[in-house]
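Structure data follow from model.txt (compact mmCIF, C-alpha atoms and all ligand atoms):
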```
# COMPACT_ATOMS: atom_id res chain seq x y z
CA MET A 12 8.86 24.08 -14.08
CA PRO A 13 11.59 21.49 -13.43
CA GLY A 14 12.71 21.33 -9.85
CA SER A 15 9.81 23.11 -8.25
CA LEU A 16 7.71 19.95 -8.10
CA CYS A 17 10.08 18.33 -5.70
CA ARG A 18 9.63 21.12 -3.23
CA SER A 19 6.01 21.96 -3.57
CA GLY A 20 4.33 18.98 -5.21
CA GLY A 21 2.48 18.98 -8.55
CA THR A 22 -1.10 20.09 -9.06
CA ARG A 23 -2.60 20.09 -5.61
CA TYR A 24 -6.08 19.01 -4.67
CA ALA A 25 -7.94 21.14 -2.18
CA LEU A 26 -7.26 19.19 0.99
CA GLY A 27 -9.44 21.17 3.32
CA VAL A 28 -6.59 21.09 5.83
CA SER A 29 -3.18 22.23 4.66
CA GLY A 30 -0.58 19.46 4.63
CA ARG A 31 2.58 20.24 6.55
CA SER A 32 5.71 20.46 4.50
CA GLY A 33 8.77 18.63 5.58
CA GLY A 34 9.75 15.85 7.91
CA THR A 35 8.07 12.60 8.62
CA CYS A 36 4.59 12.25 10.03
CA ASP A 37 3.60 13.01 13.57
CA PRO A 38 3.66 10.27 16.16
CA PRO A 39 0.52 8.19 15.67
CA GLY A 40 -2.43 9.48 17.57
CA TRP A 41 -4.91 6.70 18.18
CA GLY A 42 -6.18 8.17 21.39
CA GLY A 43 -3.95 6.19 23.73
CA ALA A 44 -6.70 3.93 25.03
CA VAL A 45 -6.35 1.34 22.30
CA THR A 46 -3.03 -0.41 22.37
CA ARG A 47 -3.37 -4.00 21.14
CA PHE A 48 -3.12 -4.20 17.35
CA LEU A 49 -3.28 -7.20 15.09
CA VAL A 50 -1.34 -6.40 11.91
CA THR A 51 -1.41 -8.74 8.94
CA GLY A 52 1.28 -8.31 6.31
CA ALA A 53 3.63 -6.96 8.99
CA THR A 54 6.63 -8.50 7.22
CA GLY A 55 5.89 -6.52 4.06
CA PHE A 56 6.94 -3.06 2.89
CA ILE A 57 4.09 -1.10 4.51
CA GLY A 58 3.47 -3.49 7.42
CA SER A 59 7.03 -3.31 8.70
CA ARG A 60 6.88 0.52 8.81
CA LEU A 61 3.44 0.42 10.46
CA THR A 62 4.61 -2.04 13.09
CA ARG A 63 7.55 0.20 14.00
CA MET A 64 5.21 3.17 14.27
CA ILE A 65 2.77 1.38 16.58
CA LEU A 66 5.51 0.05 18.82
CA ALA A 67 7.21 3.46 18.94
CA GLY A 68 3.88 4.94 20.02
CA GLY A 69 3.54 2.52 22.95
CA GLY A 70 1.15 0.02 21.40
CA THR A 71 1.60 -3.71 21.06
CA VAL A 72 1.54 -5.64 17.80
CA THR A 73 0.54 -9.20 17.10
CA ALA A 74 1.67 -10.06 13.58
CA LEU A 75 -0.03 -12.83 11.67
CA ALA A 76 2.78 -14.18 9.50
CA ARG A 77 3.31 -17.23 7.35
CA PRO A 78 5.79 -19.74 8.75
CA SER A 79 7.99 -19.02 5.71
CA SER A 80 8.08 -15.25 6.46
CA ARG A 81 11.20 -13.57 7.71
CA THR A 82 10.07 -12.43 11.15
CA ARG A 83 13.35 -11.93 12.99
CA ALA A 84 13.28 -8.13 12.72
CA LEU A 85 9.65 -8.01 13.87
CA ARG A 86 10.45 -10.09 16.95
CA GLU A 87 13.51 -7.97 17.69
CA LEU A 88 11.31 -4.88 17.57
CA GLY A 89 9.04 -6.47 20.15
CA ALA A 90 6.11 -7.72 18.07
CA ASP A 91 4.46 -11.05 18.89
CA VAL A 92 4.28 -13.35 15.91
CA VAL A 93 1.44 -15.81 15.38
CA HIS A 94 2.11 -18.21 12.57
CA GLY A 95 -0.72 -18.59 10.11
CA ASP A 96 -1.78 -18.26 6.51
CA LEU A 97 -4.73 -16.33 5.15
CA ALA A 98 -4.86 -18.63 2.15
CA THR A 99 -5.80 -21.54 4.45
CA GLY A 100 -7.15 -19.80 7.54
CA ARG A 101 -4.59 -21.43 9.78
CA GLY A 102 -3.75 -19.27 12.80
CA VAL A 103 -6.31 -16.57 12.01
CA ALA A 104 -8.61 -17.17 15.00
CA GLU A 105 -5.61 -17.32 17.32
CA ALA A 106 -4.22 -14.06 15.94
CA VAL A 107 -7.55 -12.27 16.32
CA ALA A 108 -7.97 -13.18 20.01
CA GLY A 109 -7.51 -10.13 22.22
CA ALA A 110 -6.99 -7.62 19.40
CA GLU A 111 -8.48 -4.17 19.99
CA ARG A 112 -7.82 -2.99 16.42
CA VAL A 113 -6.99 -4.95 13.28
CA ILE A 114 -5.06 -3.50 10.35
CA HIS A 115 -5.20 -5.85 7.40
CA LEU A 116 -2.37 -5.32 4.95
CA ALA A 117 -1.55 -8.87 3.84
CA ALA A 118 -2.19 -9.34 0.16
CA THR A 119 -0.95 -10.89 -3.04
CA LEU A 120 0.35 -8.03 -5.20
CA LYS A 121 1.70 -10.11 -8.08
CA ALA A 122 0.70 -13.57 -9.25
CA ARG A 123 0.49 -15.62 -12.39
CA THR A 124 -3.16 -16.63 -12.03
CA ALA A 125 -6.42 -15.05 -10.99
CA ALA A 126 -6.89 -17.88 -8.48
CA ALA A 127 -3.71 -16.87 -6.67
CA PHE A 128 -4.97 -13.28 -6.29
CA TRP A 129 -8.41 -14.43 -5.16
CA ALA A 130 -7.08 -16.92 -2.60
CA VAL A 131 -5.62 -14.13 -0.46
CA ASN A 132 -7.20 -10.84 -1.54
CA ARG A 133 -10.80 -12.06 -1.37
CA ASP A 134 -10.87 -15.42 0.43
CA GLY A 135 -8.16 -14.41 2.90
CA VAL A 136 -10.17 -11.32 3.79
CA ALA A 137 -13.25 -13.52 4.23
CA ARG A 138 -11.38 -15.82 6.63
CA LEU A 139 -10.21 -12.85 8.69
CA VAL A 140 -13.63 -11.18 8.75
CA ARG A 141 -15.37 -14.41 9.76
CA ALA A 142 -12.88 -14.86 12.61
CA LEU A 143 -13.57 -11.29 13.71
CA ALA A 144 -17.33 -11.76 13.47
CA ALA A 145 -17.05 -14.78 15.77
CA VAL A 146 -15.65 -12.86 18.76
CA PRO A 147 -18.15 -11.37 21.24
CA ARG A 148 -17.24 -7.70 20.50
CA PRO A 149 -15.52 -7.57 17.11
CA PRO A 150 -12.68 -5.02 17.02
CA ARG A 151 -12.54 -2.26 14.44
CA LEU A 152 -10.96 -3.43 11.19
CA VAL A 153 -9.00 -1.29 8.72
CA LEU A 154 -8.67 -2.90 5.31
CA CYS A 155 -5.84 -1.58 3.17
CA SER A 156 -7.27 -1.80 -0.30
CA SER A 157 -5.99 0.11 -3.33
CA LEU A 158 -6.94 2.68 -5.96
CA ALA A 159 -6.71 -0.34 -8.26
CA ALA A 160 -10.00 -1.52 -6.66
CA GLY A 161 -11.91 1.71 -7.21
CA PRO A 162 -13.66 4.07 -7.53
CA ALA A 163 -12.92 3.46 -11.23
CA PRO A 164 -13.68 -0.13 -12.29
CA PRO A 165 -10.63 -2.39 -11.89
CA VAL A 166 -8.52 -3.05 -14.98
CA SER A 167 -6.26 -5.72 -13.46
CA LEU A 168 -6.74 -9.07 -11.76
CA TYR A 169 -5.09 -7.56 -8.71
CA GLY A 170 -7.58 -4.67 -8.66
CA ALA A 171 -10.55 -6.97 -9.18
CA SER A 172 -9.42 -9.21 -6.34
CA LYS A 173 -8.91 -6.24 -4.01
CA LEU A 174 -12.42 -5.00 -4.86
CA ALA A 175 -13.76 -8.48 -4.10
CA GLY A 176 -12.02 -8.25 -0.70
CA GLU A 177 -13.71 -4.90 -0.08
CA GLN A 178 -17.07 -6.43 -0.91
CA VAL A 179 -16.54 -9.18 1.66
CA VAL A 180 -15.87 -6.55 4.32
CA ARG A 181 -18.97 -4.58 3.27
CA GLU A 182 -21.12 -7.71 3.50
CA HIS A 183 -20.05 -8.11 7.16
CA ALA A 184 -20.34 -4.44 8.04
CA ASP A 185 -23.37 -5.00 10.29
CA ARG A 186 -21.26 -7.21 12.56
CA VAL A 187 -17.63 -6.06 12.10
CA PRO A 188 -16.99 -2.28 12.25
CA ALA A 189 -14.66 -1.56 9.36
CA VAL A 190 -12.97 1.18 7.34
CA ILE A 191 -11.43 0.83 3.89
CA LEU A 192 -8.44 2.85 2.69
CA ARG A 193 -7.54 2.99 -1.00
CA PRO A 194 -3.99 4.28 -1.37
CA GLY A 195 -2.41 5.27 -4.65
CA ILE A 196 1.23 4.37 -5.25
CA VAL A 197 3.00 3.95 -1.93
CA TYR A 198 6.72 4.71 -1.89
CA GLY A 199 9.47 5.04 0.67
CA PRO A 200 12.23 3.08 2.36
CA GLY A 201 12.02 -0.63 1.58
CA GLU A 202 9.65 -0.23 -1.39
CA PRO A 203 10.59 -3.14 -3.62
CA ALA A 204 9.26 -2.30 -7.11
CA LEU A 205 9.04 1.33 -8.27
CA LEU A 206 12.42 2.78 -7.33
CA PRO A 207 14.46 -0.34 -8.03
CA ALA A 208 12.90 -0.41 -11.53
CA LEU A 209 13.26 3.33 -12.22
CA LEU A 210 16.74 3.98 -10.90
CA PRO A 211 18.73 2.03 -13.51
CA MET A 212 16.82 3.85 -16.27
CA ILE A 213 17.40 7.21 -14.60
CA ARG A 214 21.12 6.47 -14.41
CA LEU A 215 21.00 5.77 -18.15
CA GLY A 216 19.12 9.02 -18.72
CA VAL A 217 16.16 7.38 -20.47
CA VAL A 218 12.87 6.28 -18.88
CA VAL A 219 10.00 4.62 -20.73
CA GLN A 220 6.34 5.48 -20.34
CA ALA A 221 3.61 2.99 -21.14
CA GLY A 222 1.54 4.47 -23.96
CA PHE A 223 1.23 8.01 -25.25
CA GLY A 224 -0.24 11.15 -23.70
CA PRO A 225 -0.11 12.32 -20.12
CA HIS A 226 -0.16 9.70 -17.35
CA ARG A 227 -1.11 10.99 -13.93
CA TYR A 228 -0.71 9.38 -10.52
CA ALA A 229 -1.46 9.81 -6.83
CA LEU A 230 1.43 8.94 -4.56
CA VAL A 231 1.75 8.73 -0.80
CA TYR A 232 4.82 8.33 1.38
CA VAL A 233 4.70 5.12 3.37
CA ASP A 234 4.77 6.74 6.83
CA ASP A 235 1.96 9.09 5.83
CA LEU A 236 -0.12 6.08 4.78
CA CYS A 237 0.70 4.40 8.10
CA ALA A 238 -0.52 7.50 9.93
CA ALA A 239 -3.73 7.32 7.88
CA LEU A 240 -4.16 3.63 8.74
CA LEU A 241 -3.79 4.42 12.44
CA ALA A 242 -6.18 7.34 12.18
CA ALA A 243 -8.73 5.07 10.49
CA ALA A 244 -8.22 2.53 13.28
CA ASP A 245 -9.02 5.22 15.78
CA ARG A 246 -11.77 7.42 14.42
CA GLY A 247 -14.16 8.32 11.66
CA PRO A 248 -17.33 6.70 10.36
CA VAL A 249 -17.32 2.98 9.62
CA LEU A 250 -18.86 1.23 6.62
CA ARG A 251 -22.62 1.21 6.51
CA PRO A 252 -24.38 -1.80 4.98
CA GLY A 253 -25.78 -0.84 1.59
CA ASP A 254 -23.85 2.45 1.45
CA PRO A 255 -20.89 2.24 -0.92
CA ARG A 256 -19.28 5.55 0.11
CA THR A 257 -19.21 5.97 3.89
CA GLY A 258 -16.08 4.60 5.56
CA THR A 259 -14.11 4.32 2.30
CA TYR A 260 -11.19 6.71 1.78
CA ALA A 261 -8.84 7.42 -1.12
CA ILE A 262 -5.33 8.13 0.13
CA GLY A 263 -2.71 10.17 -1.70
CA ASP A 264 -0.58 13.13 -0.72
CA GLY A 265 -3.04 15.50 -2.38
CA ASN A 266 -1.00 16.09 -5.52
CA VAL A 267 -1.39 15.01 -9.12
CA TYR A 268 1.95 13.79 -10.48
CA HIS A 269 2.67 13.36 -14.16
CA TRP A 270 4.96 10.46 -14.97
CA ASP A 271 7.72 12.71 -16.28
CA GLU A 272 7.52 14.82 -13.09
CA ILE A 273 7.98 11.71 -10.94
CA CYS A 274 11.00 10.67 -13.00
CA ARG A 275 12.47 14.16 -12.88
CA CYS A 276 12.03 14.41 -9.12
CA LEU A 277 13.63 11.02 -8.52
CA ALA A 278 16.54 11.94 -10.80
CA GLN A 279 17.01 15.18 -8.89
CA ALA A 280 16.93 13.38 -5.52
CA ALA A 281 19.46 10.85 -6.83
CA GLY A 282 21.76 13.55 -8.21
CA HIS A 283 21.19 12.79 -11.88
CA ARG A 284 20.07 14.96 -14.76
CA ALA A 285 16.41 14.87 -15.80
CA PRO A 286 15.87 11.76 -17.95
CA LEU A 287 14.35 11.66 -21.40
CA VAL A 288 10.89 10.06 -21.14
CA ILE A 289 10.08 7.89 -24.17
CA PRO A 290 6.53 6.60 -24.73
CA LEU A 291 6.32 2.91 -25.60
CA PRO A 292 3.28 1.71 -27.59
CA LEU A 293 0.98 -0.46 -25.47
CA PRO A 294 1.42 -3.64 -27.55
CA ALA A 295 5.18 -3.35 -26.95
CA VAL A 296 4.53 -2.90 -23.21
CA ARG A 297 2.39 -6.05 -23.18
CA ALA A 298 5.03 -8.01 -25.08
CA ALA A 299 7.78 -6.83 -22.73
CA ALA A 300 5.65 -7.81 -19.72
CA ALA A 301 5.04 -11.27 -21.16
CA LEU A 302 8.78 -11.71 -21.74
CA ALA A 303 9.57 -10.54 -18.21
CA GLU A 304 7.07 -13.07 -16.86
CA LEU A 305 8.61 -15.82 -18.94
CA ALA A 306 12.05 -14.97 -17.61
CA GLY A 307 10.65 -14.89 -14.07
CA ARG A 308 9.01 -18.26 -14.54
CA ALA A 309 12.38 -19.81 -15.29
CA GLY A 310 13.57 -18.56 -11.90
CA GLY A 311 10.29 -19.46 -10.14
CA THR A 312 9.31 -15.83 -9.45
CA VAL A 313 6.76 -13.30 -10.70
CA PRO A 314 8.51 -10.04 -11.69
CA ALA A 315 7.17 -6.69 -10.47
CA PHE A 316 6.63 -5.74 -14.12
CA ASN A 317 4.21 -8.38 -15.43
CA ARG A 318 1.14 -8.71 -17.64
CA ASP A 319 -1.24 -7.70 -14.86
CA LYS A 320 0.85 -4.56 -14.20
CA ALA A 321 0.79 -3.88 -17.95
CA ARG A 322 -3.03 -3.96 -17.78
CA GLU A 323 -2.88 -1.21 -15.15
CA MET A 324 -0.45 0.80 -17.26
CA ARG A 325 -3.11 1.12 -19.94
CA ARG A 326 -4.98 3.51 -17.68
CA ALA A 327 -3.59 7.03 -17.83
CA ASP A 328 -5.32 8.48 -14.76
CA TRP A 329 -4.52 7.05 -11.33
CA THR A 330 -5.21 10.16 -9.30
CA CYS A 331 -7.42 10.65 -6.28
CA ALA A 332 -8.56 13.40 -3.95
CA PRO A 333 -7.95 12.52 -0.28
CA ALA A 334 -10.23 15.31 0.98
CA ASP A 335 -12.60 12.89 2.80
CA ALA A 336 -9.70 11.35 4.71
CA VAL A 337 -8.40 14.81 5.59
CA ARG A 338 -11.79 15.94 6.83
CA GLU A 339 -13.04 12.81 8.57
CA LEU A 340 -9.83 11.10 9.74
CA GLY A 341 -7.63 14.15 10.25
CA PHE A 342 -5.20 12.74 7.66
CA THR A 343 -2.37 15.24 7.06
CA PRO A 344 0.12 14.05 4.45
CA ALA A 345 3.42 15.47 5.62
CA THR A 346 6.10 14.32 3.21
CA THR A 347 6.96 15.90 -0.12
CA LEU A 348 7.94 13.70 -3.04
CA ARG A 349 11.50 14.99 -2.89
CA GLN A 350 11.81 14.24 0.82
CA GLY A 351 10.24 10.82 0.43
CA PHE A 352 12.48 9.90 -2.48
CA ALA A 353 15.52 11.04 -0.48
CA GLU A 354 14.50 8.75 2.40
CA ALA A 355 13.95 5.85 0.04
CA LEU A 356 17.29 6.38 -1.71
CA GLU A 357 19.08 6.54 1.62
CA ALA A 358 17.55 3.21 2.63
CA LEU A 359 18.52 1.66 -0.71
CA ALA A 360 22.12 2.72 -0.17
CA ALA A 361 22.22 1.37 3.39
CA PRO A 362 23.31 -2.23 4.04
CA SER A 363 20.22 -4.46 4.03
CA THR A 364 18.94 -5.72 7.33
CA ALA A 365 17.20 -9.05 7.81
CA ARG A 366 13.48 -8.83 8.21
N1 LIG B 1 2.78 -0.94 -2.25
C1 LIG B 1 1.88 -0.15 -2.84
O1 LIG B 1 2.20 0.73 -3.66
C2 LIG B 1 0.42 -0.32 -2.49
C3 LIG B 1 -0.51 0.56 -3.07
C4 LIG B 1 -1.87 0.44 -2.75
C5 LIG B 1 -2.26 -0.54 -1.87
N2 LIG B 1 -1.36 -1.40 -1.34
C6 LIG B 1 -1.84 -2.42 -0.41
O2 LIG B 1 -1.08 -2.34 0.79
C7 LIG B 1 -0.98 -3.62 1.38
C8 LIG B 1 0.47 -3.93 1.72
O3 LIG B 1 1.23 -3.84 0.53
P1 LIG B 1 2.83 -3.97 0.54
O4 LIG B 1 3.31 -3.12 -0.59
O5 LIG B 1 3.37 -3.78 1.91
O6 LIG B 1 2.98 -5.49 0.08
P2 LIG B 1 4.14 -6.54 0.36
O7 LIG B 1 5.42 -5.88 0.74
O8 LIG B 1 4.14 -7.49 -0.80
O9 LIG B 1 3.62 -7.32 1.63
C9 LIG B 1 2.59 -8.23 1.55
C10 LIG B 1 2.45 -8.89 2.90
O10 LIG B 1 1.36 -9.82 2.84
C11 LIG B 1 1.81 -11.03 3.43
N3 LIG B 1 1.05 -12.15 2.88
C12 LIG B 1 0.91 -12.47 1.58
N4 LIG B 1 0.18 -13.59 1.47
C13 LIG B 1 -0.16 -13.98 2.72
C14 LIG B 1 -0.89 -15.07 3.26
N5 LIG B 1 -1.43 -16.01 2.48
N6 LIG B 1 -1.04 -15.15 4.60
C15 LIG B 1 -0.49 -14.22 5.41
N7 LIG B 1 0.23 -13.16 4.97
C16 LIG B 1 0.41 -13.06 3.63
C17 LIG B 1 3.29 -11.10 3.08
O11 LIG B 1 3.94 -12.02 3.91
P3 LIG B 1 5.27 -12.84 3.50
O12 LIG B 1 6.37 -12.22 4.31
O13 LIG B 1 4.99 -14.24 3.90
O14 LIG B 1 5.45 -12.71 2.02
C18 LIG B 1 3.69 -9.66 3.35
O15 LIG B 1 3.87 -9.46 4.72
C19 LIG B 1 -1.62 -4.60 0.41
O16 LIG B 1 -2.92 -4.87 0.85
C20 LIG B 1 -1.65 -3.84 -0.91
O17 LIG B 1 -2.73 -4.27 -1.71
C21 LIG B 1 -0.02 -1.31 -1.63
```
Have the structure of the file written as structure tokens, please.
Amino acid sequence: MPGSLCRSGGTRYALGVSGRSGGTCDPPGWGGAVTRFLVTGATGFIGSRLTRMILAGGGTVTALARPSSRTRALRELGADVVHGDLATGRGVAEAVAGAERVIHLAATLKARTAAAFWAVNRDGVARLVRALAAVPRPPRLVLCSSLAAGPAPPVSLYGASKLAGEQVVREHADRVPAVILRPGIVYGPGEPALLPALLPMIRLGVVVQAGFGPHRYALVYVDDLCAALLAAADRGPVLRPGDPRTGTYAIGDGNVYHWDEICRCLAQAAGHRAPLVIPLPLPAVRAAAALAELAGRAGGTVPAFNRDKAREMRRADWTCAPADAVRELGFTPATTLRQGFAEALEALAAPSTAR
């Protein structure tokens, strides 16, 4: 039923608590007592939204950021910046000092080698967790992992490295109280990969799909994820050593979205007609990803569409049920796909601001 998805969402999981329709999420409710947050990855897509949310709610943010990061906007918002690097451990102990809650977002999302993923997504987590374990009363840690890490076995280097990061946190669970969130695709204002890649195709009226058959995804609007991160920082059971389930939450908006539905909804939000979705055989997807990487290499970058992403595209089911997060964290995804896409498109059209 074209059009209805954008208003109501696709197939809906039983959430246990009905998600509100419309608007952005509520002001963060972390109980008020806890105010000093350490946020890693605060210069990134999700971290910058989270930082705004914490500061708007009256909390303080210390951001661990690499010296090369663009931190002007964070400072202007009122965050303290500690220079450091999770790949070396520099600055981590300093950043941890005095934190009442730690939300760990920093990660490598695209890289040419497995070693580059591991250096941050596993070893960087280990450096942070060791620094936390060394303080007299370790603060509660929220690790932002990914559906790419589990519950299904990882199919990409990225997913494997994120799972390795989770395992590090689990190994320290007796000393550092921690919660793991596994979001599906996160979208919204400032998202650098999905919409910028899809929009030109939607304008052309033709979008490709990797492989044949239905491909299904869980999505979550960035501010809804931020609300979930803050809820996890505030409440709910923490990881238990030897128990792989407790304290680990899948995060999506509760809907199952087929790829063509996502494309149709974005086209509708952007004022275009529904695009034709053309399946591309997987060997062609792999070849295109290799070419894109080659082109990126010439410019010294790793493109968002790369061979590791192509590995993930082989999997047709990226859905999740966020019922545990709804029940135990009070997570209430508030934003429909149509609303979220509209917000993201508005931000894309606005003049860019320095980070
Ligand atoms: N975006 C999604 O759809 C999605 C879905 C599921 C899970 N996640 C998870 O959500 C988290 C945030 O993702 P995002 O989309 O916001 O990513 P992003 O925009 O690429 O941001 C990554 C952040 O990590 C920082 N970082 C990278 N390497 C670092 C290092 N060695 N030391 C310190 N900081 C470092 C980056 O700092 P610089 O400014 O220096 O680059 C940046 O602030 C990640 O853990 C990711 O795995 C994202």
With a cut-off of 8 Å, could you pull out the residues of chain A touching ligand LIG 1 (chain B) and give me the nearest pair of atoms for each, distance in Å to one decimal, using all atoms listed in the file, ordered by chain and ascending number, as JSON lines?
```
{"residue": "A:Thr51", "atom": "CA", "partner": "B:LIG1", "partner_atom": "N7", "distance": 6.2}
{"residue": "A:Gly52", "atom": "CA", "partner": "B:LIG1", "partner_atom": "O15", "distance": 3.2}
{"residue": "A:Ala53", "atom": "CA", "partner": "B:LIG1", "partner_atom": "O15", "distance": 5.0}
{"residue": "A:Thr54", "atom": "CA", "partner": "B:LIG1", "partner_atom": "O15", "distance": 3.8}
{"residue": "A:Gly55", "atom": "CA", "partner": "B:LIG1", "partner_atom": "O7", "distance": 3.4}
{"residue": "A:Phe56", "atom": "CA", "partner": "B:LIG1", "partner_atom": "O5", "distance": 3.8}
{"residue": "A:Ile57", "atom": "CA", "partner": "B:LIG1", "partner_atom": "O5", "distance": 3.8}
{"residue": "A:Gly58", "atom": "CA", "partner": "B:LIG1", "partner_atom": "O5", "distance": 5.5}
{"residue": "A:Ser59", "atom": "CA", "partner": "B:LIG1", "partner_atom": "O5", "distance": 7.7}
{"residue": "A:Leu75", "atom": "CA", "partner": "B:LIG1", "partner_atom": "C15", "distance": 6.4}
{"residue": "A:Ala76", "atom": "CA", "partner": "B:LIG1", "partner_atom": "C15", "distance": 5.2}
{"residue": "A:Arg77", "atom": "CA", "partner": "B:LIG1", "partner_atom": "O13", "distance": 4.9}
{"residue": "A:Pro78", "atom": "CA", "partner": "B:LIG1", "partner_atom": "O13", "distance": 7.4}
{"residue": "A:Ser79", "atom": "CA", "partner": "B:LIG1", "partner_atom": "O13", "distance": 5.9}
{"residue": "A:Ser80", "atom": "CA", "partner": "B:LIG1", "partner_atom": "O12", "distance": 4.1}
{"residue": "A:Arg81", "atom": "CA", "partner": "B:LIG1", "partner_atom": "O12", "distance": 6.1}
{"residue": "A:Thr82", "atom": "CA", "partner": "B:LIG1", "partner_atom": "O12", "distance": 7.8}
{"residue": "A:Gly95", "atom": "CA", "partner": "B:LIG1", "partner_atom": "C15", "distance": 6.4}
{"residue": "A:Asp96", "atom": "CA", "partner": "B:LIG1", "partner_atom": "N6", "distance": 3.7}
{"residue": "A:Leu97", "atom": "CA", "partner": "B:LIG1", "partner_atom": "N6", "distance": 3.9}
{"residue": "A:Ala98", "atom": "CA", "partner": "B:LIG1", "partner_atom": "N5", "distance": 4.3}
{"residue": "A:Thr99", "atom": "CA", "partner": "B:LIG1", "partner_atom": "N5", "distance": 7.3}
{"residue": "A:His115", "atom": "CA", "partner": "B:LIG1", "partner_atom": "O16", "distance": 7.0}
{"residue": "A:Leu116", "atom": "CA", "partner": "B:LIG1", "partner_atom": "O16", "distance": 4.2}
{"residue": "A:Ala117", "atom": "CA", "partner": "B:LIG1", "partner_atom": "O10", "distance": 3.2}
{"residue": "A:Ala118", "atom": "CA", "partner": "B:LIG1", "partner_atom": "O10", "distance": 4.5}
{"residue": "A:Thr119", "atom": "CA", "partner": "B:LIG1", "partner_atom": "C12", "distance": 5.2}
{"residue": "A:Leu120", "atom": "CA", "partner": "B:LIG1", "partner_atom": "O8", "distance": 5.8}
{"residue": "A:Ala130", "atom": "CA", "partner": "B:LIG1", "partner_atom": "N5", "distance": 7.7}
{"residue": "A:Val131", "atom": "CA", "partner": "B:LIG1", "partner_atom": "N5", "distance": 5.5}
{"residue": "A:Asn132", "atom": "CA", "partner": "B:LIG1", "partner_atom": "O16", "distance": 7.7}
{"residue": "A:Gly135", "atom": "CA", "partner": "B:LIG1", "partner_atom": "N5", "distance": 6.9}
{"residue": "A:Leu154", "atom": "CA", "partner": "B:LIG1", "partner_atom": "O16", "distance": 7.5}
{"residue": "A:Cys155", "atom": "CA", "partner": "B:LIG1", "partner_atom": "O16", "distance": 5.0}
{"residue": "A:Ser156", "atom": "CA", "partner": "B:LIG1", "partner_atom": "O17", "distance": 5.4}
{"residue": "A:Ser157", "atom": "CA", "partner": "B:LIG1", "partner_atom": "C5", "distance": 4.1}
{"residue": "A:Leu158", "atom": "CA", "partner": "B:LIG1", "partner_atom": "C4", "distance": 6.4}
{"residue": "A:Ala159", "atom": "CA", "partner": "B:LIG1", "partner_atom": "C4", "distance": 7.4}
{"residue": "A:Lys173", "atom": "CA", "partner": "B:LIG1", "partner_atom": "O17", "distance": 6.9}
{"residue": "A:Arg193", "atom": "CA", "partner": "B:LIG1", "partner_atom": "C5", "distance": 6.4}
{"residue": "A:Pro194", "atom": "CA", "partner": "B:LIG1", "partner_atom": "C4", "distance": 4.6}
{"residue": "A:Gly195", "atom": "CA", "partner": "B:LIG1", "partner_atom": "C4", "distance": 5.2}
{"residue": "A:Ile196", "atom": "CA", "partner": "B:LIG1", "partner_atom": "O1", "distance": 4.1}
{"residue": "A:Val197", "atom": "CA", "partner": "B:LIG1", "partner_atom": "O1", "distance": 3.7}
{"residue": "A:Tyr198", "atom": "CA", "partner": "B:LIG1", "partner_atom": "O1", "distance": 6.3}
{"residue": "A:Glu202", "atom": "CA", "partner": "B:LIG1", "partner_atom": "N1", "distance": 7.0}
{"residue": "A:Pro203", "atom": "CA", "partner": "B:LIG1", "partner_atom": "O7", "distance": 7.3}
```
**OP:** Measuring atom to atom with all atoms listed in the file, identify which of A:Ala332, A:Val337, A:Thr62, A:Val313 is nearest to Ala204 (chain A).
**Re:**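 Closest to Ala204 (chain A) of all the choices is A:Val313.
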**OP:** Record the distance separating CA of Glu304 (chain A) and CA of Phe316 (chain A), expressed in Å with one decimal.
**Re:** 7.8 Å
Original post:
So, counting only C-alpha atoms, which residue among A:Val217, A:Ala281, A:Leu192, A:Leu230 is closest to Glu357 (chain A)?
Top reply: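 Using only C-alpha atoms, Glu357 (chain A) sits closest to A:Ala281.
Taking CA of Val180 (chain A) and CA of Arg256 (chain A) as endpoints, the distance between them is 13.3 Å.
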Original post:
So what do you get for CA of Val296 (chain A) versus CA of Met324 (chain A), distance-wise?
Top reply: 8.6 Å
Return the padded bounding box of region 107-117 of chain A as lines of an AutoDock Vina configuration file: axis-aligned, built from all atoms listed in the file, 4 Å added on each side, with centre and edge lengths in Å to one decimal.
```
center_x = -5.0
center_y = -8.1
center_z = 13.0
size_x = 14.9
size_y = 18.2
size_z = 26.4
```
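Among the candidate residues A:Arg60, A:Arg338, A:Arg186, A:Arg349, the one lying nearest to Pro252 (chain A) is A:Arg186, with distances computed using only C-alpha atoms.
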**OP:** Considering only C-alpha atoms, state which residue in the set A:Gly258, A:Gly351, A:Pro344, A:Gly69 is at the smallest distance from Arg151 (chain A).
**Re:**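 Of the candidates, the smallest distance to Arg151 (chain A) is held by A:Gly258.
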**OP:** Within 12 Å of Ile65 (chain A), counting all atoms listed in the file, which residues show up once you throw out same-chain ones fewer than 2 positions away? Write them as a PyMOL selection string, please.
**Re:** chain A and resi 38-41+43+45-50+53+58-63+67-74+85+88-90+112+114+234+237-238+240-242+244
Subject >> Residue nearest Val218 (chain A) - candidates A:His183, A:Ala171, A:Ile273, A:Asp254, atoms counted: all atoms listed in the file >> reply: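 Selected residue with least distance to Val218 (chain A): A:Ile273.
Counting only C-alpha atoms, the residue from A:Glu87, A:Asp134, A:Glu354, A:Glu339 that sits nearest to Gly100 (chain A) is A:Asp134.
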Subject >> Contacts of region 319-321 of chain A at 12 Å (all atoms listed in the file; same-chain gap of 5+ positions) as an MDAnalysis selection string >> reply: chainID A and resid 120:125 128 159 165:172 204:205 220:222 291:304 313:314 326:327
**OP:** Skip Arg275 (chain A) itself and residues of its chain fewer than 2 positions away, then list as a ChimeraX atom specification all residues within 10 Å of it, counting all atoms listed in the file.
**Re:** /A:13-14,16-17,213,218,269-273,277-281,283-288
